[in-house]
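Student: For reference, the file data.tsv (TSV, C-alpha atoms) is included below:
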```tsv
chain	number	residue	atom	x	y	z
A	248	MET	CA	-35.87	17.60	98.73
A	249	SER	CA	-38.21	17.51	95.76
A	250	GLU	CA	-40.19	14.34	95.10
A	251	GLN	CA	-39.58	12.43	91.88
A	252	PRO	CA	-42.70	12.53	89.71
A	253	GLU	CA	-44.36	9.11	89.55
A	254	ILE	CA	-43.99	7.48	86.15
A	255	LYS	CA	-47.20	5.82	85.01
A	256	VAL	CA	-47.46	3.10	82.43
A	257	PRO	CA	-50.63	3.21	80.33
A	258	GLU	CA	-52.94	0.22	80.77
A	259	TYR	CA	-52.55	-0.60	77.08
A	260	PRO	CA	-49.23	1.03	76.18
A	261	VAL	CA	-48.54	2.03	72.58
A	262	LYS	CA	-44.99	2.36	71.31
A	263	ARG	CA	-44.43	5.63	69.48
A	264	PRO	CA	-44.56	4.77	65.76
A	265	THR	CA	-41.57	7.01	65.11
A	266	MET	CA	-39.35	4.76	67.25
A	267	ILE	CA	-37.57	2.41	64.84
A	268	GLY	CA	-35.38	-0.40	66.16
A	269	GLU	CA	-32.18	-1.77	64.68
A	270	GLU	CA	-31.02	-5.11	66.06
A	271	LEU	CA	-27.29	-5.51	66.58
A	272	GLU	CA	-26.80	-9.12	65.59
A	273	GLY	CA	-25.07	-11.28	68.18
A	274	MET	CA	-24.90	-8.41	70.69
A	275	ASP	CA	-28.20	-8.90	72.60
A	276	GLU	CA	-28.97	-5.28	71.86
A	277	VAL	CA	-31.49	-3.29	69.88
A	278	VAL	CA	-30.90	0.42	69.27
A	279	TYR	CA	-34.08	2.46	68.88
A	280	VAL	CA	-34.02	5.82	67.20
A	281	ASP	CA	-36.81	8.37	66.95
A	282	THR	CA	-37.12	9.35	63.31
A	283	GLU	CA	-38.57	12.74	64.27
A	284	SER	CA	-36.27	13.90	67.06
A	285	GLY	CA	-33.21	11.75	66.36
A	286	THR	CA	-33.01	10.72	70.03
A	287	ASN	CA	-32.07	7.13	70.68
A	288	VAL	CA	-32.12	4.46	73.33
A	289	SER	CA	-30.63	1.00	73.60
A	290	LEU	CA	-32.51	-2.05	74.94
A	291	ASN	CA	-31.59	-5.70	75.34
A	292	VAL	CA	-33.49	-8.17	73.16
A	293	ILE	CA	-36.03	-9.05	75.88
A	294	GLY	CA	-36.72	-5.36	76.52
A	295	ALA	CA	-37.13	-4.80	72.78
A	296	THR	CA	-39.52	-7.77	72.47
A	297	ILE	CA	-41.66	-6.31	75.26
A	298	LEU	CA	-41.59	-2.86	73.66
A	299	GLU	CA	-42.71	-4.33	70.32
A	300	LEU	CA	-45.70	-5.92	72.08
A	301	CYS	CA	-46.82	-2.45	73.16
A	302	ASP	CA	-49.25	-1.95	70.29
A	303	GLY	CA	-52.30	-0.77	72.24
A	304	LYS	CA	-53.85	-4.25	72.12
A	305	HIS	CA	-51.83	-5.85	74.91
A	306	SER	CA	-52.08	-5.07	78.60
A	307	ILE	CA	-49.29	-5.94	81.00
A	308	GLU	CA	-51.21	-9.16	81.80
A	309	ASN	CA	-51.34	-10.11	78.10
A	310	ILE	CA	-47.64	-9.28	77.64
A	311	THR	CA	-46.79	-11.44	80.67
A	312	ASP	CA	-48.77	-14.35	79.16
A	313	LEU	CA	-46.94	-14.01	75.85
A	314	VAL	CA	-43.53	-13.78	77.49
A	315	LEU	CA	-44.31	-16.87	79.61
A	316	GLU	CA	-44.98	-18.85	76.43
A	317	ASN	CA	-41.29	-18.53	75.59
A	318	LEU	CA	-39.67	-18.04	78.99
A	319	SER	CA	-39.92	-20.18	82.12
A	320	GLY	CA	-40.22	-18.56	85.52
A	321	GLU	CA	-42.57	-17.52	88.25
A	322	ARG	CA	-45.45	-15.47	86.81
A	323	GLU	CA	-45.52	-12.74	89.46
A	324	GLN	CA	-41.76	-12.16	89.22
A	325	ILE	CA	-41.89	-11.96	85.44
A	326	LYS	CA	-44.82	-9.56	85.62
A	327	LYS	CA	-42.83	-7.37	88.02
A	328	ASP	CA	-39.82	-7.42	85.68
A	329	ILE	CA	-42.01	-6.49	82.70
A	330	HIS	CA	-43.58	-3.68	84.69
A	331	HIS	CA	-40.11	-2.40	85.53
A	332	ILE	CA	-39.10	-2.46	81.84
A	333	LEU	CA	-42.32	-0.66	80.87
A	334	ILE	CA	-41.65	2.05	83.46
A	335	GLU	CA	-38.20	2.56	81.96
A	336	CYS	CA	-39.70	2.75	78.47
A	337	ALA	CA	-42.26	5.28	79.72
A	338	ALA	CA	-39.50	7.30	81.38
A	339	TYR	CA	-37.66	7.48	78.05
A	340	GLY	CA	-40.86	8.67	76.36
A	341	LEU	CA	-41.19	5.61	74.16
A	342	PHE	CA	-44.99	5.46	74.49
A	343	ILE	CA	-47.69	7.61	72.98
A	344	GLU	CA	-49.05	9.74	75.81
A	345	GLU	CA	-52.63	9.05	76.78
B	629	MET	CA	-5.50	24.91	29.13
B	630	TRP	CA	-4.14	22.67	31.89
B	631	GLN	CA	-6.11	19.43	32.51
B	632	ARG	CA	-5.98	16.52	34.90
B	633	THR	CA	-8.35	13.69	35.87
B	634	PHE	CA	-8.14	11.99	39.25
B	635	GLY	CA	-10.08	9.25	41.02
B	636	VAL	CA	-11.74	9.16	44.42
B	637	GLY	CA	-13.94	6.29	45.57
B	638	ASN	CA	-15.83	5.03	42.55
B	639	ILE	CA	-15.82	8.32	40.59
B	640	SER	CA	-13.46	10.44	38.53
B	641	VAL	CA	-13.07	14.19	38.63
B	642	ARG	CA	-11.65	16.27	35.79
B	643	LEU	CA	-9.96	19.59	36.45
B	644	GLU	CA	-9.36	22.28	33.83
B	645	SER	CA	-7.79	25.68	34.27
B	646	ASP	CA	-6.46	28.45	32.05
B	647	GLN	CA	-5.24	30.50	35.05
B	648	GLN	CA	-1.68	29.64	36.11
B	649	ARG	CA	-2.06	30.77	39.73
B	650	CYS	CA	-5.24	28.69	40.14
B	651	THR	CA	-3.56	25.75	38.41
B	652	ASP	CA	-0.73	25.86	40.95
B	653	ASP	CA	-3.21	25.87	43.84
B	654	ILE	CA	-5.35	23.09	42.35
B	655	GLN	CA	-2.29	20.95	41.76
B	656	ALA	CA	-1.28	21.38	45.40
B	657	ILE	CA	-4.78	20.63	46.70
B	658	THR	CA	-5.27	17.52	44.57
B	659	SER	CA	-1.70	16.21	44.33
B	660	LEU	CA	-2.29	13.18	46.57
B	661	PHE	CA	-5.24	11.83	44.57
B	662	PRO	CA	-4.31	9.20	41.96
B	663	ASP	CA	-4.74	9.78	38.23
B	664	SER	CA	-7.75	8.16	36.63
B	665	GLU	CA	-8.76	7.25	33.09
B	666	LYS	CA	-12.43	6.74	33.92
B	667	GLN	CA	-15.10	8.95	32.41
B	668	PRO	CA	-15.42	11.90	34.84
B	669	SER	CA	-18.72	12.51	36.61
B	670	LEU	CA	-17.56	15.93	37.81
B	671	ILE	CA	-15.74	18.49	35.69
B	672	PHE	CA	-14.35	21.58	37.41
B	673	SER	CA	-13.27	24.37	35.04
B	674	ILE	CA	-11.61	27.67	35.74
B	675	LYS	CA	-11.75	30.08	32.81
B	676	LYS	CA	-11.09	33.74	32.34
B	677	LYS	CA	-14.15	35.55	30.99
B	678	LYS	CA	-14.72	39.13	32.13
B	679	LYS	CA	-13.74	37.76	35.52
B	680	ILE	CA	-12.13	34.48	36.50
B	681	THR	CA	-15.00	31.98	36.70
B	682	LEU	CA	-15.31	28.59	38.38
B	683	TYR	CA	-17.70	26.05	36.84
B	684	VAL	CA	-18.73	22.54	37.77
B	685	ASN	CA	-20.31	20.52	34.95
B	686	ASP	CA	-20.89	23.85	33.14
B	687	GLU	CA	-22.79	25.31	36.11
B	688	GLU	CA	-21.28	28.65	37.18
B	689	LEU	CA	-20.21	28.49	40.86
B	690	TRP	CA	-18.04	31.55	41.53
B	691	GLN	CA	-16.67	34.69	39.88
B	692	SER	CA	-13.88	36.95	41.02
B	693	ASN	CA	-10.93	39.00	39.83
B	694	ASP	CA	-8.83	37.38	42.57
B	695	SER	CA	-7.43	33.99	41.61
B	696	GLY	CA	-6.86	33.14	45.30
B	697	GLU	CA	-10.56	33.57	45.96
B	698	ILE	CA	-11.36	31.27	43.04
B	699	SER	CA	-8.93	28.63	44.36
B	700	ALA	CA	-10.54	28.83	47.82
B	701	ALA	CA	-14.01	28.45	46.27
B	702	PHE	CA	-12.71	25.54	44.21
B	703	GLU	CA	-11.45	23.72	47.31
B	704	VAL	CA	-14.73	24.12	49.22
B	705	HIS	CA	-16.92	23.07	46.29
B	706	LEU	CA	-14.61	20.23	45.30
B	707	TYR	CA	-15.13	18.44	48.62
B	708	ILE	CA	-18.86	19.16	48.81
B	709	ARG	CA	-19.55	17.98	45.26
B	710	ILE	CA	-17.41	14.86	45.57
B	711	VAL	CA	-19.20	13.78	48.76
B	712	GLN	CA	-22.60	14.43	47.13
B	713	GLU	CA	-21.55	12.36	44.14
B	714	LEU	CA	-20.25	9.45	46.23
B	715	VAL	CA	-23.40	8.99	48.34
B	716	PRO	CA	-25.07	6.47	48.69
B	717	GLU	CA	-22.38	4.15	47.32
B	718	LEU	CA	-20.01	5.50	49.95
B	719	ALA	CA	-20.92	7.03	53.31
B	720	SER	CA	-18.71	9.97	54.21
B	721	ILE	CA	-17.91	10.19	57.92
B	722	HIS	CA	-16.44	13.35	59.43
B	723	ALA	CA	-13.34	11.49	60.55
B	724	ALA	CA	-9.62	11.15	59.93
B	725	SER	CA	-8.41	7.74	58.81
B	726	ILE	CA	-5.07	5.97	58.83
B	727	GLY	CA	-3.90	2.55	57.68
B	728	ILE	CA	-2.09	0.24	60.08
B	729	ASN	CA	-1.20	-3.38	59.31
B	730	HIS	CA	-3.51	-3.32	56.25
B	731	GLN	CA	-6.48	-2.22	58.36
B	732	THR	CA	-8.05	1.18	58.96
B	733	CYS	CA	-8.46	3.17	62.15
B	734	ILE	CA	-10.77	6.16	62.02
B	735	PHE	CA	-10.89	9.11	64.43
B	736	ALA	CA	-14.42	10.48	64.39
B	737	GLY	CA	-15.57	13.64	66.07
B	738	VAL	CA	-16.52	17.26	65.91
B	739	SER	CA	-14.03	19.98	64.97
B	740	ASP	CA	-11.22	20.46	67.50
B	741	ALA	CA	-11.75	16.99	69.01
B	742	GLY	CA	-8.19	16.08	68.00
B	743	LYS	CA	-8.83	14.06	64.82
B	744	SER	CA	-6.21	15.77	62.69
B	745	SER	CA	-3.66	15.79	65.51
B	746	MET	CA	-3.99	12.04	65.99
B	747	CYS	CA	-3.86	11.54	62.23
B	748	THR	CA	-0.74	13.69	61.88
B	749	LYS	CA	1.00	11.84	64.70
B	750	ALA	CA	0.09	8.47	63.14
B	751	VAL	CA	1.50	9.55	59.77
B	752	ILE	CA	4.71	10.83	61.40
B	753	GLU	CA	5.02	7.41	63.04
B	754	GLY	CA	4.75	5.62	59.69
B	755	SER	CA	1.04	4.89	59.24
B	756	HIS	CA	-0.49	5.16	55.79
B	757	TYR	CA	-2.57	8.26	55.17
B	758	LEU	CA	-6.17	7.98	53.92
B	759	SER	CA	-7.78	11.27	54.97
B	760	ASP	CA	-7.82	13.92	57.66
B	761	GLU	CA	-11.49	14.77	57.21
B	762	PHE	CA	-13.50	12.45	54.92
B	763	SER	CA	-13.57	8.76	55.82
B	764	LEU	CA	-15.47	6.99	53.04
B	765	LEU	CA	-17.17	3.80	54.26
B	766	ASN	CA	-18.12	1.40	51.45
B	767	LYS	CA	-20.65	-1.45	51.46
B	768	ALA	CA	-17.90	-4.01	52.09
B	769	GLY	CA	-16.97	-2.36	55.40
B	770	GLU	CA	-13.81	-0.78	54.01
B	771	ILE	CA	-12.58	2.79	54.14
B	772	GLU	CA	-11.75	4.29	50.75
B	773	PRO	CA	-9.03	6.95	50.66
B	774	PHE	CA	-9.85	10.63	50.30
B	775	PRO	CA	-6.29	11.94	50.46
B	776	ARG	CA	-6.65	15.68	50.48
B	777	PRO	CA	-3.51	17.27	51.99
B	778	LEU	CA	-3.26	17.31	55.76
B	779	GLN	CA	-4.29	20.73	56.99
B	780	TRP	CA	-3.88	22.55	60.27
B	781	GLY	CA	-5.93	25.53	61.25
B	782	LYS	CA	-2.78	27.63	61.66
B	783	GLU	CA	0.74	27.67	60.29
B	784	GLN	CA	2.14	26.35	63.57
B	785	HIS	CA	0.89	23.32	65.48
B	786	PRO	CA	1.46	23.12	69.25
B	787	ALA	CA	2.50	19.46	69.07
B	788	PHE	CA	4.43	19.21	65.79
B	789	THR	CA	7.33	21.29	64.52
B	790	HIS	CA	8.01	21.78	60.82
B	791	ASP	CA	11.28	19.96	61.37
B	792	MET	CA	9.42	16.95	62.79
B	793	MET	CA	7.22	16.87	59.70
B	794	ALA	CA	10.18	17.17	57.32
B	795	LYS	CA	12.05	14.33	59.04
B	796	ALA	CA	9.00	12.10	58.54
B	797	GLY	CA	9.12	12.81	54.80
B	798	ILE	CA	6.01	14.96	54.87
B	799	LYS	CA	6.39	17.66	52.25
B	800	GLN	CA	4.97	21.12	52.67
B	801	THR	CA	3.26	23.41	50.26
B	802	THR	CA	1.23	26.56	50.70
B	803	PHE	CA	-1.98	27.87	49.38
B	804	GLN	CA	-2.91	31.54	49.64
B	805	PHE	CA	-6.42	32.92	49.59
B	806	PRO	CA	-8.24	36.04	50.82
B	807	ASP	CA	-10.24	35.77	54.04
B	808	THR	CA	-13.72	37.28	54.46
B	809	GLU	CA	-12.15	40.72	55.03
B	810	GLY	CA	-9.97	40.50	51.94
B	811	ASN	CA	-6.69	39.88	53.81
B	812	ASN	CA	-4.38	37.33	52.25
B	813	VAL	CA	-4.18	34.17	54.34
B	814	SER	CA	-1.63	31.46	53.82
B	815	ALA	CA	-2.68	27.88	54.55
B	816	LEU	CA	-0.14	25.11	54.94
B	817	LEU	CA	-0.79	21.88	53.12
B	818	TRP	CA	1.14	18.81	54.22
B	819	LEU	CA	1.74	15.99	51.77
B	820	PRO	CA	2.46	12.65	53.47
B	821	GLU	CA	4.80	10.24	51.73
B	822	LYS	CA	2.90	7.03	52.48
B	823	VAL	CA	-0.53	7.56	50.94
B	824	GLN	CA	-2.98	4.66	50.76
B	825	HIS	CA	-4.63	4.40	47.35
B	826	THR	CA	-6.79	1.30	47.78
B	827	PRO	CA	-9.57	0.59	50.31
B	828	LEU	CA	-8.68	-1.07	53.61
B	829	PRO	CA	-11.03	-2.90	56.02
B	830	LEU	CA	-12.25	-0.83	58.93
B	831	ARG	CA	-11.01	-2.26	62.25
B	832	TRP	CA	-11.04	0.49	64.89
B	833	VAL	CA	-13.33	3.47	65.50
B	834	ILE	CA	-12.02	6.01	67.99
B	835	PHE	CA	-13.85	9.05	69.34
B	836	PRO	CA	-11.04	11.37	70.44
B	837	ARG	CA	-11.57	14.28	72.79
B	838	PHE	CA	-8.84	16.78	73.49
B	839	ASP	CA	-9.07	17.65	77.18
B	840	ALA	CA	-6.33	19.83	78.68
B	841	SER	CA	-7.27	18.66	82.19
B	842	VAL	CA	-6.28	15.03	81.53
B	843	PRO	CA	-2.59	14.53	82.42
B	844	THR	CA	-2.37	10.98	81.07
B	845	PRO	CA	-4.48	9.76	78.16
B	846	GLU	CA	-7.46	7.54	78.86
B	847	LEU	CA	-8.74	4.90	76.44
B	848	THR	CA	-12.14	3.30	77.09
B	849	THR	CA	-13.79	0.59	75.03
B	850	ILE	CA	-17.46	1.22	74.34
B	851	ARG	CA	-20.34	-0.93	73.09
B	852	ARG	CA	-21.14	-1.10	69.40
B	853	GLY	CA	-24.63	0.17	70.24
B	854	GLU	CA	-23.26	3.26	71.98
B	855	ALA	CA	-21.00	4.01	69.02
B	856	LEU	CA	-23.81	3.49	66.52
B	857	MET	CA	-25.95	5.97	68.43
B	858	GLU	CA	-23.18	8.58	68.12
B	859	LEU	CA	-21.79	8.01	64.62
B	860	PRO	CA	-24.79	9.23	62.57
B	861	GLN	CA	-24.18	12.81	63.73
B	862	HIS	CA	-20.74	12.63	62.10
B	863	LEU	CA	-22.05	11.72	58.65
B	864	HIS	CA	-21.59	14.52	56.11
B	865	GLN	CA	-24.86	13.66	54.35
B	866	GLN	CA	-27.64	13.63	56.91
B	867	GLN	CA	-30.67	11.41	56.30
B	868	ARG	CA	-33.50	10.10	58.47
B	869	ALA	CA	-32.04	8.82	61.75
B	870	ASP	CA	-33.13	5.18	61.36
B	871	ILE	CA	-31.78	4.99	57.79
B	872	MET	CA	-28.34	6.23	58.92
B	873	LEU	CA	-28.32	3.82	61.88
B	874	GLN	CA	-29.28	0.83	59.73
B	875	MET	CA	-26.73	1.72	57.04
B	876	LEU	CA	-23.89	2.02	59.55
B	877	ASN	CA	-24.88	-1.21	61.32
B	878	GLN	CA	-24.92	-3.07	58.00
B	879	ARG	CA	-21.64	-1.67	56.74
B	880	ILE	CA	-19.44	-1.64	59.84
B	881	PRO	CA	-17.95	-5.12	60.21
B	882	LYS	CA	-18.72	-7.13	63.34
B	883	ASP	CA	-15.08	-7.31	64.44
B	884	VAL	CA	-14.67	-3.53	64.61
B	885	THR	CA	-13.96	-2.25	68.12
B	886	PHE	CA	-15.04	1.17	69.40
B	887	HIS	CA	-13.19	3.39	71.86
B	888	ARG	CA	-13.19	6.79	73.49
B	889	LEU	CA	-9.86	8.55	73.85
B	890	ARG	CA	-9.38	11.55	76.15
B	891	PHE	CA	-6.01	13.20	75.92
B	892	SER	CA	-4.03	16.39	76.30
B	893	ASN	CA	-0.78	15.15	74.78
B	894	VAL	CA	-1.01	13.64	71.31
B	895	HIS	CA	2.34	11.85	71.59
B	896	LYS	CA	1.33	10.03	74.78
B	897	ALA	CA	-2.09	9.29	73.30
B	898	TRP	CA	-0.47	7.66	70.28
B	899	GLU	CA	1.76	5.51	72.49
B	900	LEU	CA	-1.33	4.35	74.38
B	901	LEU	CA	-3.15	3.40	71.16
B	902	LYS	CA	-0.07	1.65	69.80
B	903	HIS	CA	0.30	-0.56	72.85
B	904	SER	CA	-3.39	-1.11	73.55
B	905	LEU	CA	-4.79	-1.60	70.05
B	906	PHE	CA	-2.21	-1.76	67.29
B	907	SER	CA	0.50	-4.04	68.69
```
Would it be possible to restate this file's structure as structure tokens?

Tutor:
Amino acid sequence: MSEQPEIKVPEYPVKRPTMIGEELEGMDEVVYVDTESGTNVSLNVIGATILELCDGKHSIENITDLVLENLSGEREQIKKDIHHILIECAAYGLFIEE
Amino acid sequence: MWQRTFGVGNISVRLESDQQRCTDDIQAITSLFPDSEKQPSLIFSIKKKKKITLYVNDEELWQSNDSGEISAAFEVHLYIRIVQELVPELASIHAASIGINHQTCIFAGVSDAGKSSMCTKAVIEGSHYLSDEFSLLNKAGEIEPFPRPLQWGKEQHPAFTHDMMAKAGIKQTTFQFPDTEGNNVSALLWLPEKVQHTPLPLRWVIFPRFDASVPTPELTTIRRGEALMELPQHLHQQQRADIMLQMLNQRIPKDVTFHRLRFSNVHKAWELLKHSLFS
């Protein structure tokens, strides 16, 4: 059985500038489309908010702090959830590669 | 010189011909479009010079000694130029559209997905006909008619007999043109009786897929997001991906529902849609 390659999230992730999001009002969904390749991916609003914070200036710690300003919950759990979302974004190739 | 002006979407198209055979074909191809008195933005002319020549807005498009070839060129260029002229006011989706209860259902998909079959069945069952190929989405979320005649790829259809069509009041006409090897090919054009001439709000988007392995039809509701990721590929005028996505999201009303339909039998598939969506 072959091992799955480990997906790494950059320390300061940067969303690909060609990924443009379109919010579907009232649907808790944002569809992102790559203007170069035409590929697309759908995220819920929280996932999209986290992706938009990936501007190369925010680490996962900073993103967690910002999310906690608007969301109540246990810090470590929220950090884990954010990390999980960032791994998914990385898997879909939504970040500029380092 | 024969002349006629018809309307489609927000434009008018004038047709002129001094060739009787071409005039007959053009009349058949455009017979379902309503007359218009608006100033035309497209003028198609067929005139005999040394050869028979097709022009659009005085630009020479095609020359031939064969009037059938000119009629075939006319049909192809007519649709292309109309769609070019309608964008961006109207977005043309590669989809068949029918009117039911004053609302529109579109069947979007690639060739051979079953769009025209579903459309034909709907028309036989009394739905209003808007188009079998060009669904024109306006900024108000309505579909504007583009009623070219219903066309099958062949003279016979596996699901519909000519008798079935006649009983539904769908008239038949033919159009002959040479194929790429110069052989004369006869295409059947079907002219539905109940043609919709005004826009109707879009209510259902269906992605049909003919699948011979499916004994009973399957209808699945899908998310708006999933549909919006798929629909841009069915637009006749391709633009940057985010522009198409945004345009469709803005124009398609919030109460529209989206579905996938897999079927092998168009009659059973129609019954399923009727009971699940249209009742």

Student: Residues of chain A within 8 Å of chain B, counting all atoms listed in the file, what are they? List them as a ChimeraX atom specification.

Tutor: /A:267-269,271,276-278,280-282,285,287,289

Student: Residues near B:Ile798, anyone? I mean within 7 Å using only C-alpha atoms, not counting same-chain ones fewer than 4 positions away, as a list in words.

Tutor: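 The filter keeps Met793, Ala794, Trp818, Leu819, Pro820 and Glu821 of chain B.
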
Student: Taking all atoms of stretch 309-319 of chain A that the file lists, what box with edges along x, y and z, padded by 5 Å per side, do you get, with centre and edge lengths in Å to one decimal, as lines of an AutoDock Vina configuration file?

Tutor:
```
center_x = -45.5
center_y = -14.7
center_z = 78.9
size_x = 21.7
size_y = 20.9
size_z = 16.5
```

Student: Nearest to B:His730: which of B:Thr826, B:Ser695, B:Gln667, B:Thr848 is it, counting all atoms listed in the file?

Tutor: B:Thr826

Student: What is the atom CA of A:Leu290 to atom CA of A:Glu253 distance in Å?

Tutor: 21.9 Å

Student: Which residues come within 9 Å of stretch 326-330 of chain A, counting all atoms listed in the file, excluding same-chain residues fewer than 6 positions away, as an MDAnalysis selection string?

Tutor: chainID A and resid 256 294 297 307:308 310:312

Student: If we count all atoms listed in the file, what is near B:Ser692 at a cut-off of 7 Å, once residues fewer than 5 positions away on the same chain are taken out, given as a list in words?

Tutor: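 The neighbour list is Lys679, Ile680, Thr681, Glu697 and Ile698 of chain B.
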
Student: State, in Å with one decimal place, the distance from atom CA of B:Asn766 to atom CA of B:Gly637.

Tutor: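 Between these atoms lies a distance of 8.7 Å.
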
Student: Counting only C-alpha atoms, find residues at most 8 Å from (-7.0, 10.4, 72.8) (file frame) and give them as a list of chain:residue names.

Tutor: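 Neighbouring residues, ordered by chain and number, come to B:Gly742, B:Met746, B:Phe835, B:Pro836, B:Arg837, B:Phe838, B:Pro845, B:Glu846, B:Leu847, B:Arg888, B:Leu889, B:Arg890, B:Phe891, B:Ser892, B:Val894, B:Ala897, B:Trp898.
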
Student: Quick one: residues within 8 Å of B:Ser744, only C-alpha atoms, excluding same-chain residues fewer than 2 positions away - as an mmCIF file with C-alpha atoms, in the coordinates of the input?

Tutor:
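Saved to result_38.cif:
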```
data_model
loop_
_atom_site.group_PDB
_atom_site.id
_atom_site.type_symbol
_atom_site.label_atom_id
_atom_site.label_comp_id
_atom_site.auth_asym_id
_atom_site.auth_seq_id
_atom_site.Cartn_x
_atom_site.Cartn_y
_atom_site.Cartn_z
ATOM 1 C CA ALA B 724 -9.620 11.150 59.930
ATOM 2 C CA GLY B 742 -8.190 16.080 68.000
ATOM 3 C CA MET B 746 -3.990 12.040 65.990
ATOM 4 C CA CYS B 747 -3.860 11.540 62.230
ATOM 5 C CA THR B 748 -0.740 13.690 61.880
ATOM 6 C CA ASP B 760 -7.820 13.920 57.660
ATOM 7 C CA GLU B 761 -11.490 14.770 57.210
ATOM 8 C CA LEU B 778 -3.260 17.310 55.760
ATOM 9 C CA GLN B 779 -4.290 20.730 56.990
ATOM 10 C CA TRP B 780 -3.880 22.550 60.270
#
```

Student: Compile the contact shell of A:Ala338 as an mmCIF file with C-alpha atoms, in the coordinates of the input: residues with an atom at most 12 Å away, counting only C-alpha atoms, same-chain residues fewer than 5 positions apart removed.

Tutor:
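Writing done, so here's out-v1.cif:
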```
data_model
loop_
_atom_site.group_PDB
_atom_site.id
_atom_site.type_symbol
_atom_site.label_atom_id
_atom_site.label_comp_id
_atom_site.auth_asym_id
_atom_site.auth_seq_id
_atom_site.Cartn_x
_atom_site.Cartn_y
_atom_site.Cartn_z
ATOM 1 C CA GLN A 251 -39.580 12.430 91.880
ATOM 2 C CA PRO A 252 -42.700 12.530 89.710
ATOM 3 C CA GLU A 253 -44.360 9.110 89.550
ATOM 4 C CA ILE A 254 -43.990 7.480 86.150
ATOM 5 C CA LYS A 255 -47.200 5.820 85.010
ATOM 6 C CA VAL A 256 -47.460 3.100 82.430
ATOM 7 C CA PRO A 257 -50.630 3.210 80.330
ATOM 8 C CA VAL A 288 -32.120 4.460 73.330
ATOM 9 C CA HIS A 331 -40.110 -2.400 85.530
ATOM 10 C CA ILE A 332 -39.100 -2.460 81.840
ATOM 11 C CA LEU A 333 -42.320 -0.660 80.870
ATOM 12 C CA ILE A 343 -47.690 7.610 72.980
ATOM 13 C CA GLU A 344 -49.050 9.740 75.810
#
```

Student: Expressed in Å to a single decimal, how great is the separation between atom CA of A:Ala295 and atom CA of A:Ile334?

Tutor: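 Distance reported for this atom pair: 13.5 Å.
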
Student: Please check which residues have atoms at most 8 Å from (1.9, 35.8, 50.8) in the file's coordinates, counting all atoms listed in the file, and write them as a PyMOL selection string.

Tutor: chain B and resi 804+812-814
